[in-house]
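Engineer: Starting off with a structure, shown below.
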Amino acid sequence: MARLTGRWLPVTFTAPLVILMLLFFVWPLLESIVNSFHGYSLAGIDTSVWTLANYTKLMEPFYLGILWRTIRVSLTTTLLTAALAFPIAWYIAELKGRAQGYWLLLFVTPWLINVAVKAFGWTLILSATGVINTTLRGLGIIDSPLQLMFNETGILIGLVHGHFMFILLPLWAALAGLDRSLIWAAKNLGSGQISVFTRVVLPMVLPALLAGMIINFTMNMAAFATPALLGGSRVRVMSYLAYEINLVDLNWPFGAAMAVLLLVVTMGLVQMSQKVTASGKRKVLFE
Amino acid sequence: MVRTGIEKTLRKVALAAFAATVAGTGMSADASADDKTVYLLSWGGTIQTSFEKEGWAEKFKEATGYEMVLVPKATSSEIIATAIAQKDKPQIDVVLCDYAAWLQGRHQDIFDEVDTASVPNLNGLYDYAPIRVGDAILGSYTYTDTLGIIYQPDMFKKNGWAEPTGWDDLLRPEFKGKISIPPVSNTYGLYTLIHFARANGGGENNIDPGFETLAKIAPGVVDWTTTFAKLGGYLQSELVAISVFGANSGFEIQKRGIPAGVVIPDPDYLSPTAVGVMKDAPNPEGARALMNFILGAEFQSFRAERFGSNAMNKSITVSDEAKKYLLTPEQMARLTTVDYEVVTQNRAEWNERFEKEIAPIR
């Protein structure tokens with residue numbers, strides 16, 4: 001009987017997923033890339049034409065402006081989430097076992113709720129007649145309602161809330177696993193609070209923080225429902241436009257070019273951040 | 001000892017998963033090979049309610065012997081994109097969606113010719129319902145919606161505003177910041193654009209006046225709303241005082257207890273849904289049987305009674321209560337049509353122009 005041992009075992013294990021990814025992710029992706037260089041007419045994709053027109057069109061100020069907004073909103077969300085998640089992760093890491101579980105559950109819950117339902121929930125809270133505006137007006141703090149949705153603020157609130165756990169969880173795991181004696185040792189050797197944080201704690205949890213931030217950022221870049229529902233039509237992001245071009249206009253070549261651009265930009269930014277952080281980490285540790 | 005036990009189990013799991021993946025990828029291609037099943041690609045929502053909850057799939061089976069399976073999508077755009085994506089090897093038989101989207105499919109040559117021999121109910125429809133290209137019939141309107149000016153009566157009472165009467169109310173200054181209109185990419189938004197072009201000396205072939213009017217209204221628009229669920233929410237929370245949408249959706253919002261008034265504007269537009277049989281459908285006979293069933297008086301009467309759909313079948317019977325929400329044949333005849341060929345040629349450009357010029361206006 002043939003035995004699955006040694007080097008064949010991992011191959012057999014990964015094969016199902018590899019095949020799935022090749023068939024349903026890599027293949028369509030390649031097809032999209034090819035399509036993005038084709039022409040389009042009402043009769044469909046024109047495979048007899050090879051062109052860069054879809055990409056040159058994307059260089060129009062209108063599309064670049066939307067790309068820049070997408071990056072700006074995604075990055076702001078990631079930085080804001082990181083800043084908010086750090087103290088919370090630290091607090092949770094200091095708690096006893098069971099309490100940690102409850103707190104984490106609290107922050108994971110938003111992810112378990114359908115994104116459209118969440119966005120509708122936010123509408124009830126953020127709209128001109130929503131809870132926040134009604135309360136603030138009732139207390140006489142504001143005269144006219146604050147514009148909390150149908151703008152970038154709305155998208156930001158929705159995304160920070162929706163993707164919070166992707167930074168919180170890895171950060172919490174890293175902080176919970178941190179050897180506390182290192183902090184005592186640093187203090188013992190005369191380090192102040194800030195110095196302990198920047199030279200001991202931060203370098204050690206940096207990989208986790210960075211991993212979380214990268215996941216968070218890529219999810220923000222690809223987010224569709226939250227920007228569509230809380231941002232509305234005045235502040236379009238790339239994913240919404242790609243949806244509309246693909247599904248309403250049925251211009252798949254141009255839609256594909258848009259998707260490729262979004263993918264390349266996202267991957268480029270992720271690569272860049274990894275490089276910057278890697279060199280930064282060396283600096284912190286060795287200089 | 002324990003380790004080998006685990007390894008054995010892991011091996012079994014891995015092999016099983018591997019086998020399942022290989023089998024799974026090969027299997028789907030044959031799913032629709034059975035010639036007793038008809039696949040309908042259409043909406044969830046009221047179509048799904050009709051066939052799956054209200055028993056019309058059962059009635060279809062009793063009448064024809066075919067099993068019907070609905071492949072539901074959220075929007076007409078998604079329906080037609082799905083149909084086009086599989087045009088080389090269709091797995092669905094019949095497509096039912098908004099006419100504007102249906103026509104995009106027609107341009108990509110996805111629909112098969114039908115005739116009155118295989119779809120006899122085509123004979124019982126209004127003259128304009130069958131979609132003819134030359135001598136061939138490529139599909140049919142099923143029923144039509146019209147546009148409605150939908151407003152929030154409580155807000156009107158509170159502010160002492162005069163009730164709206166038609167299109168021009170959208171331009172009244174008191175509604176600034178409380179208007180909702182669907183974007184041009186949406187069928188109702190498209191009609192709104194064309195209406196304002198026509199009303200100001202233009203039309204499908206001269207769309208500029210339409211965009212100019214939308215630009216005037218745009219600063220007062222709180223959201224360019226695409227779904228009736230969203231619109232219902234805005235009316236309920238008094239975020240929106242006045243809007244344009246399908247009249248049927250307006251009545252549906254009313255029936256759900258949300259304060260909403262519906263005014264049928266003049267002129268109003270024919271906004272039909274359309275049905276067609278996929279070219280190279282796996283089950284061509286079953287497909288025609290289903291198309292015939294959808295156009296039949298029995299099913300069309302139900303749609304009219306239950307959902308207020310204005311039927312294309314001339315011999316439907318409905319209650320007096322339902323008639324309140326339906327157009328009379330005379331009203332139907334008066335509905336304005338748009339030149340859909342021109343629309344289809346220009347739609348992508350109009351959508352882009354809307355996104356660039358109108359949507360960003362604050």
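Labels used: A, B, ... for chains in the order of the structure tokens, numbers from 1 for residues in each chain, and numbers from 1 for ligands as shown.
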Residues at most 8 Å from range 235-242 of chain A, counting only C-alpha atoms, excluding those fewer than 3 positions away in the same chain, as a list in words?

Structural biologist: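 Listing them by chain and then by number gives Ile66, Leu67, Arg69, Thr70, Phe150, Asn151, Glu152, Met221, Ala222, Ala223, Phe224, Pro227, Ala228, Gly231, Gly232, Ile245, Asn246, Gly255, Ala256, Met258, Ala259 and Leu262 of chain A; Pro360 of chain B.
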
Engineer: For N, CA and C atoms, I'd like the residues from the last selection saved as a PDB file, in the first residue's frame.

Structural biologist:
ATOM      1  N   ILE A  66     -10.405  59.670  -7.864  1.00  0.00           N
ATOM      2  CA  ILE A  66     -11.132  58.651  -7.097  1.00  0.00           C
ATOM      3  C   ILE A  66     -10.152  57.639  -6.492  1.00  0.00           C
ATOM      4  N   LEU A  67      -9.097  57.321  -7.247  1.00  0.00           N
ATOM      5  CA  LEU A  67      -8.079  56.411  -6.709  1.00  0.00           C
ATOM      6  C   LEU A  67      -7.419  57.042  -5.484  1.00  0.00           C
ATOM      7  N   ARG A  69      -8.657  59.300  -3.493  1.00  0.00           N
ATOM      8  CA  ARG A  69      -9.593  59.294  -2.371  1.00  0.00           C
ATOM      9  C   ARG A  69      -9.632  57.915  -1.706  1.00  0.00           C
ATOM     10  N   THR A  70      -9.640  56.863  -2.550  1.00  0.00           N
ATOM     11  CA  THR A  70      -9.691  55.499  -2.020  1.00  0.00           C
ATOM     12  C   THR A  70      -8.481  55.235  -1.123  1.00  0.00           C
ATOM     13  N   PHE A 150     -22.866  60.388   4.121  1.00  0.00           N
ATOM     14  CA  PHE A 150     -22.829  60.889   2.747  1.00  0.00           C
ATOM     15  C   PHE A 150     -21.572  61.725   2.519  1.00  0.00           C
ATOM     16  N   ASN A 151     -20.517  61.430   3.249  1.00  0.00           N
ATOM     17  CA  ASN A 151     -19.223  62.078   3.021  1.00  0.00           C
ATOM     18  C   ASN A 151     -18.122  61.120   3.496  1.00  0.00           C
ATOM     19  N   GLU A 152     -16.863  61.599   3.456  1.00  0.00           N
ATOM     20  CA  GLU A 152     -15.762  60.703   3.841  1.00  0.00           C
ATOM     21  C   GLU A 152     -15.804  60.352   5.323  1.00  0.00           C
ATOM     22  N   MET A 221      -9.312  49.136   1.138  1.00  0.00           N
ATOM     23  CA  MET A 221      -9.198  49.457  -0.292  1.00  0.00           C
ATOM     24  C   MET A 221     -10.285  48.733  -1.093  1.00  0.00           C
ATOM     25  N   ALA A 222     -10.612  47.523  -0.659  1.00  0.00           N
ATOM     26  CA  ALA A 222     -11.558  46.714  -1.425  1.00  0.00           C
ATOM     27  C   ALA A 222     -12.998  46.894  -0.953  1.00  0.00           C
ATOM     28  N   ALA A 223     -13.197  47.609   0.164  1.00  0.00           N
ATOM     29  CA  ALA A 223     -14.540  47.720   0.747  1.00  0.00           C
ATOM     30  C   ALA A 223     -15.524  48.278  -0.272  1.00  0.00           C
ATOM     31  N   PHE A 224     -16.724  47.719  -0.280  1.00  0.00           N
ATOM     32  CA  PHE A 224     -17.711  48.120  -1.274  1.00  0.00           C
ATOM     33  C   PHE A 224     -18.997  48.642  -0.620  1.00  0.00           C
ATOM     34  N   PRO A 227     -18.668  52.019   1.873  1.00  0.00           N
ATOM     35  CA  PRO A 227     -18.590  53.309   1.163  1.00  0.00           C
ATOM     36  C   PRO A 227     -19.847  53.609   0.371  1.00  0.00           C
ATOM     37  N   ALA A 228     -20.462  52.566  -0.216  1.00  0.00           N
ATOM     38  CA  ALA A 228     -21.649  52.805  -1.033  1.00  0.00           C
ATOM     39  C   ALA A 228     -22.802  53.305  -0.176  1.00  0.00           C
ATOM     40  N   GLY A 231     -21.091  56.479   2.351  1.00  0.00           N
ATOM     41  CA  GLY A 231     -20.474  57.572   1.608  1.00  0.00           C
ATOM     42  C   GLY A 231     -21.449  58.184   0.615  1.00  0.00           C
ATOM     43  N   GLY A 232     -22.276  57.330   0.028  1.00  0.00           N
ATOM     44  CA  GLY A 232     -23.242  57.816  -0.938  1.00  0.00           C
ATOM     45  C   GLY A 232     -22.577  58.165  -2.256  1.00  0.00           C
ATOM     46  N   ILE A 245     -19.088  49.975 -13.538  1.00  0.00           N
ATOM     47  CA  ILE A 245     -18.614  49.801 -14.923  1.00  0.00           C
ATOM     48  C   ILE A 245     -18.783  48.351 -15.366  1.00  0.00           C
ATOM     49  N   ASN A 246     -18.541  47.418 -14.467  1.00  0.00           N
ATOM     50  CA  ASN A 246     -18.688  46.007 -14.816  1.00  0.00           C
ATOM     51  C   ASN A 246     -20.144  45.584 -14.932  1.00  0.00           C
ATOM     52  N   GLY A 255     -13.543  47.781 -16.786  1.00  0.00           N
ATOM     53  CA  GLY A 255     -13.697  47.359 -15.393  1.00  0.00           C
ATOM     54  C   GLY A 255     -12.504  46.535 -14.936  1.00  0.00           C
ATOM     55  N   ALA A 256     -12.014  45.685 -15.845  1.00  0.00           N
ATOM     56  CA  ALA A 256     -10.858  44.852 -15.506  1.00  0.00           C
ATOM     57  C   ALA A 256      -9.618  45.720 -15.304  1.00  0.00           C
ATOM     58  N   MET A 258      -9.555  48.704 -14.276  1.00  0.00           N
ATOM     59  CA  MET A 258      -9.727  49.362 -12.984  1.00  0.00           C
ATOM     60  C   MET A 258      -9.344  48.429 -11.833  1.00  0.00           C
ATOM     61  N   ALA A 259      -9.780  47.188 -11.941  1.00  0.00           N
ATOM     62  CA  ALA A 259      -9.467  46.205 -10.901  1.00  0.00           C
ATOM     63  C   ALA A 259      -7.965  45.939 -10.844  1.00  0.00           C
ATOM     64  N   LEU A 262      -6.256  48.852  -9.157  1.00  0.00           N
ATOM     65  CA  LEU A 262      -6.504  48.812  -7.715  1.00  0.00           C
ATOM     66  C   LEU A 262      -5.610  47.764  -7.052  1.00  0.00           C
TER      67      LEU A 262
ATOM     68  N   PRO B 360     -20.865  64.585  -8.040  1.00  0.00           N
ATOM     69  CA  PRO B 360     -20.051  65.300  -7.044  1.00  0.00           C
ATOM     70  C   PRO B 360     -20.628  66.646  -6.595  1.00  0.00           C
TER      71      PRO B 360
END

Engineer: Could you list the residues in chain A lying within 6 Å of chain B, using only C-alpha atoms, and format the result as a CSV table (one decimal) with all heavy atoms, in the first residue's frame?

Structural biologist:
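Result saved to result-v1.csv:
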chain,number,residue,atom,x,y,z
A,13,PHE,N,-2.1,17.8,1.3
A,13,PHE,CA,-2.9,18.7,2.1
A,13,PHE,C,-3.2,20.0,1.5
A,13,PHE,O,-4.3,20.5,1.5
A,13,PHE,CB,-2.2,18.9,3.5
A,13,PHE,CG,-2.7,18.1,4.6
A,13,PHE,CD1,-2.0,17.1,5.1
A,13,PHE,CD2,-4.0,18.3,5.0
A,13,PHE,CE1,-2.5,16.3,6.1
A,13,PHE,CE2,-4.5,17.5,6.0
A,13,PHE,CZ,-3.8,16.5,6.6
A,16,PRO,N,-5.9,20.6,-2.4
A,16,PRO,CA,-7.3,21.0,-2.7
A,16,PRO,C,-7.4,22.6,-2.7
A,16,PRO,O,-8.0,23.1,-3.6
A,16,PRO,CB,-8.1,20.5,-1.4
A,16,PRO,CG,-7.3,19.4,-1.0
A,16,PRO,CD,-5.8,19.7,-1.3
A,43,ALA,N,-21.5,45.0,-28.5
A,43,ALA,CA,-21.6,43.5,-28.8
A,43,ALA,C,-20.8,42.7,-27.9
A,43,ALA,O,-20.7,41.5,-27.9
A,43,ALA,CB,-21.3,43.3,-30.2
A,44,GLY,N,-20.1,43.4,-27.0
A,44,GLY,CA,-19.3,42.6,-26.0
A,44,GLY,C,-17.8,42.9,-26.1
A,44,GLY,O,-17.4,43.9,-26.7
A,233,SER,N,-23.4,58.8,-3.1
A,233,SER,CA,-22.9,59.0,-4.5
A,233,SER,C,-21.9,60.2,-4.7
A,233,SER,O,-21.2,60.2,-5.7
A,233,SER,CB,-24.1,59.3,-5.4
A,233,SER,OG,-25.0,60.2,-4.7
A,234,ARG,N,-21.8,61.0,-3.7
A,234,ARG,CA,-20.9,62.1,-3.8
A,234,ARG,C,-19.4,61.8,-3.6
A,234,ARG,O,-18.5,62.5,-4.0
A,234,ARG,CB,-21.3,63.3,-2.9
A,234,ARG,CG,-22.6,63.9,-3.4
A,234,ARG,CD,-22.8,65.3,-2.7
A,234,ARG,NE,-24.0,65.9,-3.3
A,234,ARG,CZ,-25.2,65.8,-2.8
A,234,ARG,NH1,-25.4,65.0,-1.8
A,234,ARG,NH2,-26.2,66.4,-3.4
A,247,LEU,N,-21.0,46.0,-14.0
A,247,LEU,CA,-22.3,45.5,-14.0
A,247,LEU,C,-23.4,46.3,-14.6
A,247,LEU,O,-24.4,45.8,-15.1
A,247,LEU,CB,-22.7,45.2,-12.5
A,247,LEU,CG,-22.4,43.8,-12.2
A,247,LEU,CD1,-21.1,43.7,-11.4
A,247,LEU,CD2,-23.5,43.0,-11.7
A,248,VAL,N,-23.2,47.6,-14.6
A,248,VAL,CA,-24.2,48.5,-15.3
A,248,VAL,C,-23.9,48.7,-16.7
A,248,VAL,O,-24.7,48.5,-17.6
A,248,VAL,CB,-24.5,49.8,-14.5
A,248,VAL,CG1,-25.6,50.6,-15.2
A,248,VAL,CG2,-24.9,49.5,-13.1
A,249,ASP,N,-22.6,49.2,-16.9
A,249,ASP,CA,-22.2,49.5,-18.3
A,249,ASP,C,-21.8,48.2,-19.1
A,249,ASP,O,-21.7,48.2,-20.3
A,249,ASP,CB,-21.0,50.4,-18.3
A,249,ASP,CG,-21.4,51.8,-17.8
A,249,ASP,OD1,-22.6,52.0,-17.6
A,249,ASP,OD2,-20.4,52.6,-17.5

Engineer: As a ChimeraX atom specification, please: every residue in range 69-158 of chain B that DSSP puts in strand (DSSP E).

Structural biologist: /B:69-73,94-98,130-133,136-145,147-151

Engineer: Run DSSP on the backbone and give me the residues of range 14-255 of chain A it puts in alpha helix (DSSP H), as JSON, numbers by chain.

Structural biologist: {"A": [14, 15, 16, 17, 18, 19, 20, 21, 27, 28, 29, 30, 31, 32, 33, 34, 35, 53, 54, 55, 56, 57, 58, 61, 62, 63, 64, 65, 66, 67, 68, 69, 70, 71, 72, 73, 74, 75, 76, 77, 78, 79, 80, 81, 82, 83, 84, 85, 86, 87, 88, 89, 90, 91, 92, 93, 94, 97, 98, 99, 100, 101, 102, 103, 104, 105, 106, 107, 108, 109, 110, 111, 112, 115, 116, 117, 118, 119, 120, 121, 122, 123, 124, 125, 126, 131, 132, 133, 134, 135, 136, 137, 138, 152, 153, 154, 155, 156, 157, 158, 159, 160, 161, 162, 165, 166, 167, 168, 169, 170, 171, 172, 173, 174, 175, 176, 180, 181, 182, 183, 184, 185, 186, 187, 188, 193, 194, 195, 196, 202, 203, 204, 205, 206, 207, 208, 209, 210, 211, 212, 213, 214, 215, 216, 217, 218, 219, 220, 221, 222, 225, 226, 238, 239, 240, 241, 242, 243, 244, 245, 246, 247, 252, 253, 254, 255]}

Engineer: Which residues are close to Ala89 in chain A, i.e. within 6 Å by only C-alpha atoms, leaving aside same-chain residues fewer than 3 positions away? Reply as a PyMOL selection string.

Structural biologist: chain A and resi 85-86+92+168+172

Engineer: Take the residues just selected and output them with N, CA, C and O atoms as a PDB file, in the first residue's frame.

Structural biologist:
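Contents of again-v7.pdb, as written:
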ATOM      1  N   ALA A  85      -6.786  50.991  18.497  1.00  0.00           N
ATOM      2  CA  ALA A  85      -6.710  49.587  18.910  1.00  0.00           C
ATOM      3  C   ALA A  85      -5.573  49.348  19.904  1.00  0.00           C
ATOM      4  O   ALA A  85      -5.674  48.453  20.750  1.00  0.00           O
ATOM      5  N   PHE A  86      -4.492  50.135  19.819  1.00  0.00           N
ATOM      6  CA  PHE A  86      -3.335  49.847  20.660  1.00  0.00           C
ATOM      7  C   PHE A  86      -3.657  49.875  22.162  1.00  0.00           C
ATOM      8  O   PHE A  86      -3.445  48.881  22.862  1.00  0.00           O
ATOM      9  N   ILE A  92      -6.752  44.830  27.228  1.00  0.00           N
ATOM     10  CA  ILE A  92      -7.302  43.470  27.216  1.00  0.00           C
ATOM     11  C   ILE A  92      -6.216  42.457  27.576  1.00  0.00           C
ATOM     12  O   ILE A  92      -6.458  41.505  28.331  1.00  0.00           O
ATOM     13  N   LEU A 168      -6.789  44.757  16.008  1.00  0.00           N
ATOM     14  CA  LEU A 168      -6.873  44.456  17.445  1.00  0.00           C
ATOM     15  C   LEU A 168      -6.384  43.037  17.768  1.00  0.00           C
ATOM     16  O   LEU A 168      -5.593  42.844  18.690  1.00  0.00           O
ATOM     17  N   TRP A 172      -3.301  42.216  20.129  1.00  0.00           N
ATOM     18  CA  TRP A 172      -3.603  41.644  21.453  1.00  0.00           C
ATOM     19  C   TRP A 172      -2.768  40.375  21.666  1.00  0.00           C
ATOM     20  O   TRP A 172      -2.171  40.179  22.722  1.00  0.00           O
TER      21      TRP A 172
END

Engineer: Restricting the calculation to only C-alpha atoms, which member of B:Ala311, B:Ile258, B:Leu290, B:Ala162 is positioned closest to Val69 in chain B?

Structural biologist: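 Comparing B:Ala311, B:Ile258, B:Leu290, B:Ala162 against Val69 in chain B, the winner is B:Leu290.
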
Engineer: Can you tell me, as JSON, numbers by chain, what residues are no more than 9 Å from Ser127 in chain A when counting only C-alpha atoms, ignoring any on the same chain fewer than 3 positions away?

Structural biologist: {"A": [122, 123, 124, 130, 131, 132, 133, 145, 146, 147, 148, 149, 150], "B": [237, 239]}

Engineer: If we count only C-alpha atoms, what is near Gly246 in chain B at a cut-off of 9 Å, once residues fewer than 2 positions away on the same chain are taken out, given as a list in words?

Structural biologist: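 What passes the distance filter is Asp145, Thr146, Leu147, Gly148, Ile149, Ile150, Tyr188, Phe228, Val244, Asn248, Ser249, Gly250, Phe251 and Ser271 of chain B.
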
Engineer: Write to file, as a compact mmCIF listing (two decimals), in the first residue's frame, the residues of the selection just made, with all heavy atoms.

Structural biologist:
# COMPACT_ATOMS: atom_id res chain seq x y z
N ASP B 145 -43.83 48.85 -15.26
CA ASP B 145 -43.92 49.77 -14.15
C ASP B 145 -44.01 51.17 -14.76
O ASP B 145 -43.78 51.34 -15.96
CB ASP B 145 -42.67 49.65 -13.27
CG ASP B 145 -42.88 50.28 -11.89
OD1 ASP B 145 -43.98 50.80 -11.63
OD2 ASP B 145 -41.93 50.25 -11.09
N THR B 146 -44.41 52.14 -13.95
CA THR B 146 -44.37 53.52 -14.39
C THR B 146 -43.59 54.29 -13.34
O THR B 146 -43.29 53.75 -12.28
CB THR B 146 -45.78 54.11 -14.49
OG1 THR B 146 -46.43 53.85 -13.24
CG2 THR B 146 -46.56 53.48 -15.60
N LEU B 147 -43.27 55.53 -13.63
CA LEU B 147 -42.55 56.31 -12.64
C LEU B 147 -43.53 57.04 -11.73
O LEU B 147 -44.63 57.40 -12.16
CB LEU B 147 -41.62 57.31 -13.33
CG LEU B 147 -40.28 56.69 -13.71
CD1 LEU B 147 -40.44 55.80 -14.92
CD2 LEU B 147 -39.23 57.73 -13.94
N GLY B 148 -43.13 57.22 -10.49
CA GLY B 148 -43.97 57.94 -9.56
C GLY B 148 -43.16 59.01 -8.84
O GLY B 148 -41.96 58.85 -8.63
N ILE B 149 -43.82 60.13 -8.53
CA ILE B 149 -43.21 61.10 -7.63
C ILE B 149 -43.65 60.67 -6.24
O ILE B 149 -44.84 60.66 -5.93
CB ILE B 149 -43.71 62.54 -7.92
CG1 ILE B 149 -43.47 62.92 -9.39
CG2 ILE B 149 -43.08 63.53 -6.96
CD1 ILE B 149 -42.03 63.08 -9.80
N ILE B 150 -42.70 60.25 -5.43
CA ILE B 150 -43.03 59.70 -4.12
C ILE B 150 -42.62 60.71 -3.05
O ILE B 150 -41.49 61.20 -3.08
CB ILE B 150 -42.30 58.36 -3.93
CG1 ILE B 150 -42.79 57.38 -5.01
CG2 ILE B 150 -42.56 57.79 -2.53
CD1 ILE B 150 -41.93 56.16 -5.17
N TYR B 188 -34.86 54.22 -13.42
CA TYR B 188 -35.70 55.38 -13.10
C TYR B 188 -34.92 56.69 -13.23
O TYR B 188 -35.47 57.72 -13.65
CB TYR B 188 -36.28 55.26 -11.68
CG TYR B 188 -37.03 53.97 -11.47
CD1 TYR B 188 -36.70 53.10 -10.44
CD2 TYR B 188 -38.08 53.62 -12.31
CE1 TYR B 188 -37.38 51.91 -10.24
CE2 TYR B 188 -38.77 52.43 -12.13
CZ TYR B 188 -38.42 51.58 -11.09
OH TYR B 188 -39.09 50.41 -10.91
N PHE B 228 -35.26 50.67 -3.45
CA PHE B 228 -36.49 51.14 -2.82
C PHE B 228 -36.44 50.92 -1.31
O PHE B 228 -37.06 51.65 -0.55
CB PHE B 228 -37.71 50.51 -3.51
CG PHE B 228 -38.36 49.38 -2.76
CD1 PHE B 228 -39.49 49.62 -1.99
CD2 PHE B 228 -37.85 48.10 -2.84
CE1 PHE B 228 -40.10 48.59 -1.31
CE2 PHE B 228 -38.45 47.08 -2.16
CZ PHE B 228 -39.58 47.31 -1.39
N VAL B 244 -38.11 60.51 -6.91
CA VAL B 244 -38.62 59.81 -8.09
C VAL B 244 -38.27 58.35 -7.93
O VAL B 244 -37.14 58.02 -7.55
CB VAL B 244 -37.94 60.31 -9.38
CG1 VAL B 244 -38.53 59.61 -10.60
CG2 VAL B 244 -38.06 61.80 -9.52
N ASN B 248 -44.75 51.47 -8.53
CA ASN B 248 -45.01 50.23 -7.79
C ASN B 248 -44.27 50.18 -6.46
O ASN B 248 -44.79 49.75 -5.45
CB ASN B 248 -44.55 49.02 -8.62
CG ASN B 248 -45.71 48.47 -9.41
OD1 ASN B 248 -46.86 48.68 -9.05
ND2 ASN B 248 -45.40 47.77 -10.48
N SER B 249 -43.01 50.61 -6.49
CA SER B 249 -42.21 50.64 -5.26
C SER B 249 -42.84 51.60 -4.26
O SER B 249 -42.86 51.33 -3.06
CB SER B 249 -40.79 51.10 -5.56
OG SER B 249 -40.21 50.27 -6.54
N GLY B 250 -43.38 52.73 -4.77
CA GLY B 250 -44.03 53.69 -3.91
C GLY B 250 -45.22 53.07 -3.19
O GLY B 250 -45.38 53.21 -1.97
N PHE B 251 -46.05 52.34 -3.95
CA PHE B 251 -47.22 51.68 -3.35
C PHE B 251 -46.77 50.61 -2.34
O PHE B 251 -47.37 50.42 -1.29
CB PHE B 251 -48.09 51.04 -4.43
CG PHE B 251 -48.76 52.04 -5.33
CD1 PHE B 251 -48.72 51.92 -6.71
CD2 PHE B 251 -49.45 53.13 -4.78
CE1 PHE B 251 -49.34 52.84 -7.54
CE2 PHE B 251 -50.08 54.06 -5.60
CZ PHE B 251 -50.02 53.92 -6.98
N SER B 271 -42.05 51.64 -18.44
CA SER B 271 -40.79 51.10 -17.95
C SER B 271 -40.94 49.59 -17.79
O SER B 271 -41.17 49.08 -16.70
CB SER B 271 -40.43 51.77 -16.62
OG SER B 271 -39.29 51.18 -16.09

Engineer: Please provide as number ranges by chain all residues within 7 Å of Gly212 in chain A, with the sequence filter that same-chain residues fewer than 6 positions apart are discarded (counting only C-alpha atoms).

Structural biologist: A: 166-167, 170

Engineer: Return the single residue from B:Ser118, B:Gln152, B:Thr328, B:Asn206 that is closest to Ser243 in chain B, with distances computed using only C-alpha atoms.

Structural biologist: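 Once distances to Ser243 in chain B are computed over only C-alpha atoms, the minimum belongs to B:Gln152.
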
Engineer: Hey, which of B:Thr227, B:Asn292, B:Ser309, B:Thr337 ends up closest to Leu229 in chain A? Count only C-alpha atoms.

Structural biologist: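 Checking each of B:Thr227, B:Asn292, B:Ser309, B:Thr337 against Leu229 in chain A, counting only C-alpha atoms, the winner is B:Thr227.
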
Engineer: Please compute the CA of Asp127 in chain B-CA of Thr46 in chain B distance, one decimal, in Å.

Structural biologist: 25.9 Å

Engineer: Skipping near chain neighbours, those fewer than 4 positions away, what residues fall within 9 Å of Ala199 in chain B using only C-alpha atoms, listed as a PyMOL selection string?

Structural biologist: chain B and resi 194-195+203+209-210

Engineer: The selected residues should be written to file as a PDB file, in the first residue's frame (atoms: N, CA, C and O atoms).

Structural biologist:
ATOM      1  N   ILE B 194     -33.943  61.667 -19.188  1.00  0.00           N
ATOM      2  CA  ILE B 194     -34.544  61.829 -20.514  1.00  0.00           C
ATOM      3  C   ILE B 194     -35.747  62.765 -20.435  1.00  0.00           C
ATOM      4  O   ILE B 194     -35.947  63.622 -21.290  1.00  0.00           O
ATOM      5  N   HIS B 195     -36.539  62.619 -19.349  1.00  0.00           N
ATOM      6  CA  HIS B 195     -37.695  63.506 -19.214  1.00  0.00           C
ATOM      7  C   HIS B 195     -37.269  64.967 -19.194  1.00  0.00           C
ATOM      8  O   HIS B 195     -37.834  65.793 -19.907  1.00  0.00           O
ATOM      9  N   GLY B 203     -33.841  65.754 -25.902  1.00  0.00           N
ATOM     10  CA  GLY B 203     -34.384  64.399 -25.931  1.00  0.00           C
ATOM     11  C   GLY B 203     -33.246  63.413 -25.928  1.00  0.00           C
ATOM     12  O   GLY B 203     -32.114  63.781 -25.605  1.00  0.00           O
ATOM     13  N   PRO B 209     -29.816  69.304 -22.202  1.00  0.00           N
ATOM     14  CA  PRO B 209     -30.767  69.978 -21.301  1.00  0.00           C
ATOM     15  C   PRO B 209     -31.133  69.124 -20.084  1.00  0.00           C
ATOM     16  O   PRO B 209     -31.408  69.663 -19.011  1.00  0.00           O
ATOM     17  N   GLY B 210     -31.124  67.801 -20.266  1.00  0.00           N
ATOM     18  CA  GLY B 210     -31.401  66.907 -19.140  1.00  0.00           C
ATOM     19  C   GLY B 210     -30.337  67.036 -18.065  1.00  0.00           C
ATOM     20  O   GLY B 210     -30.636  67.159 -16.869  1.00  0.00           O
TER      21      GLY B 210
END

Engineer: In terms of the shortest atom-to-atom distance over only C-alpha atoms, which of A:Leu105, A:Leu126, A:Leu75, A:Leu29 is closest to Ser273 in chain A?

Structural biologist: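 Ranking A:Leu105, A:Leu126, A:Leu75, A:Leu29 by distance to Ser273 in chain A, first place goes to A:Leu75.
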
Engineer: Quick one: of A:Ile141, A:Ala119, A:Val205, A:Ala257, who's nearest to Leu156 in chain A, counting only C-alpha atoms?

Structural biologist: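 Comparing A:Ile141, A:Ala119, A:Val205, A:Ala257 against Leu156 in chain A, the winner is A:Ala119.
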
Engineer: With only C-alpha atoms as the basis for distance, which of B:Ala229, B:Ile242, B:Gly134, B:Tyr340 is at the shortest distance from Arg172 in chain B?

Structural biologist: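 For Arg172 in chain B, the nearest of the candidates is B:Ile242.
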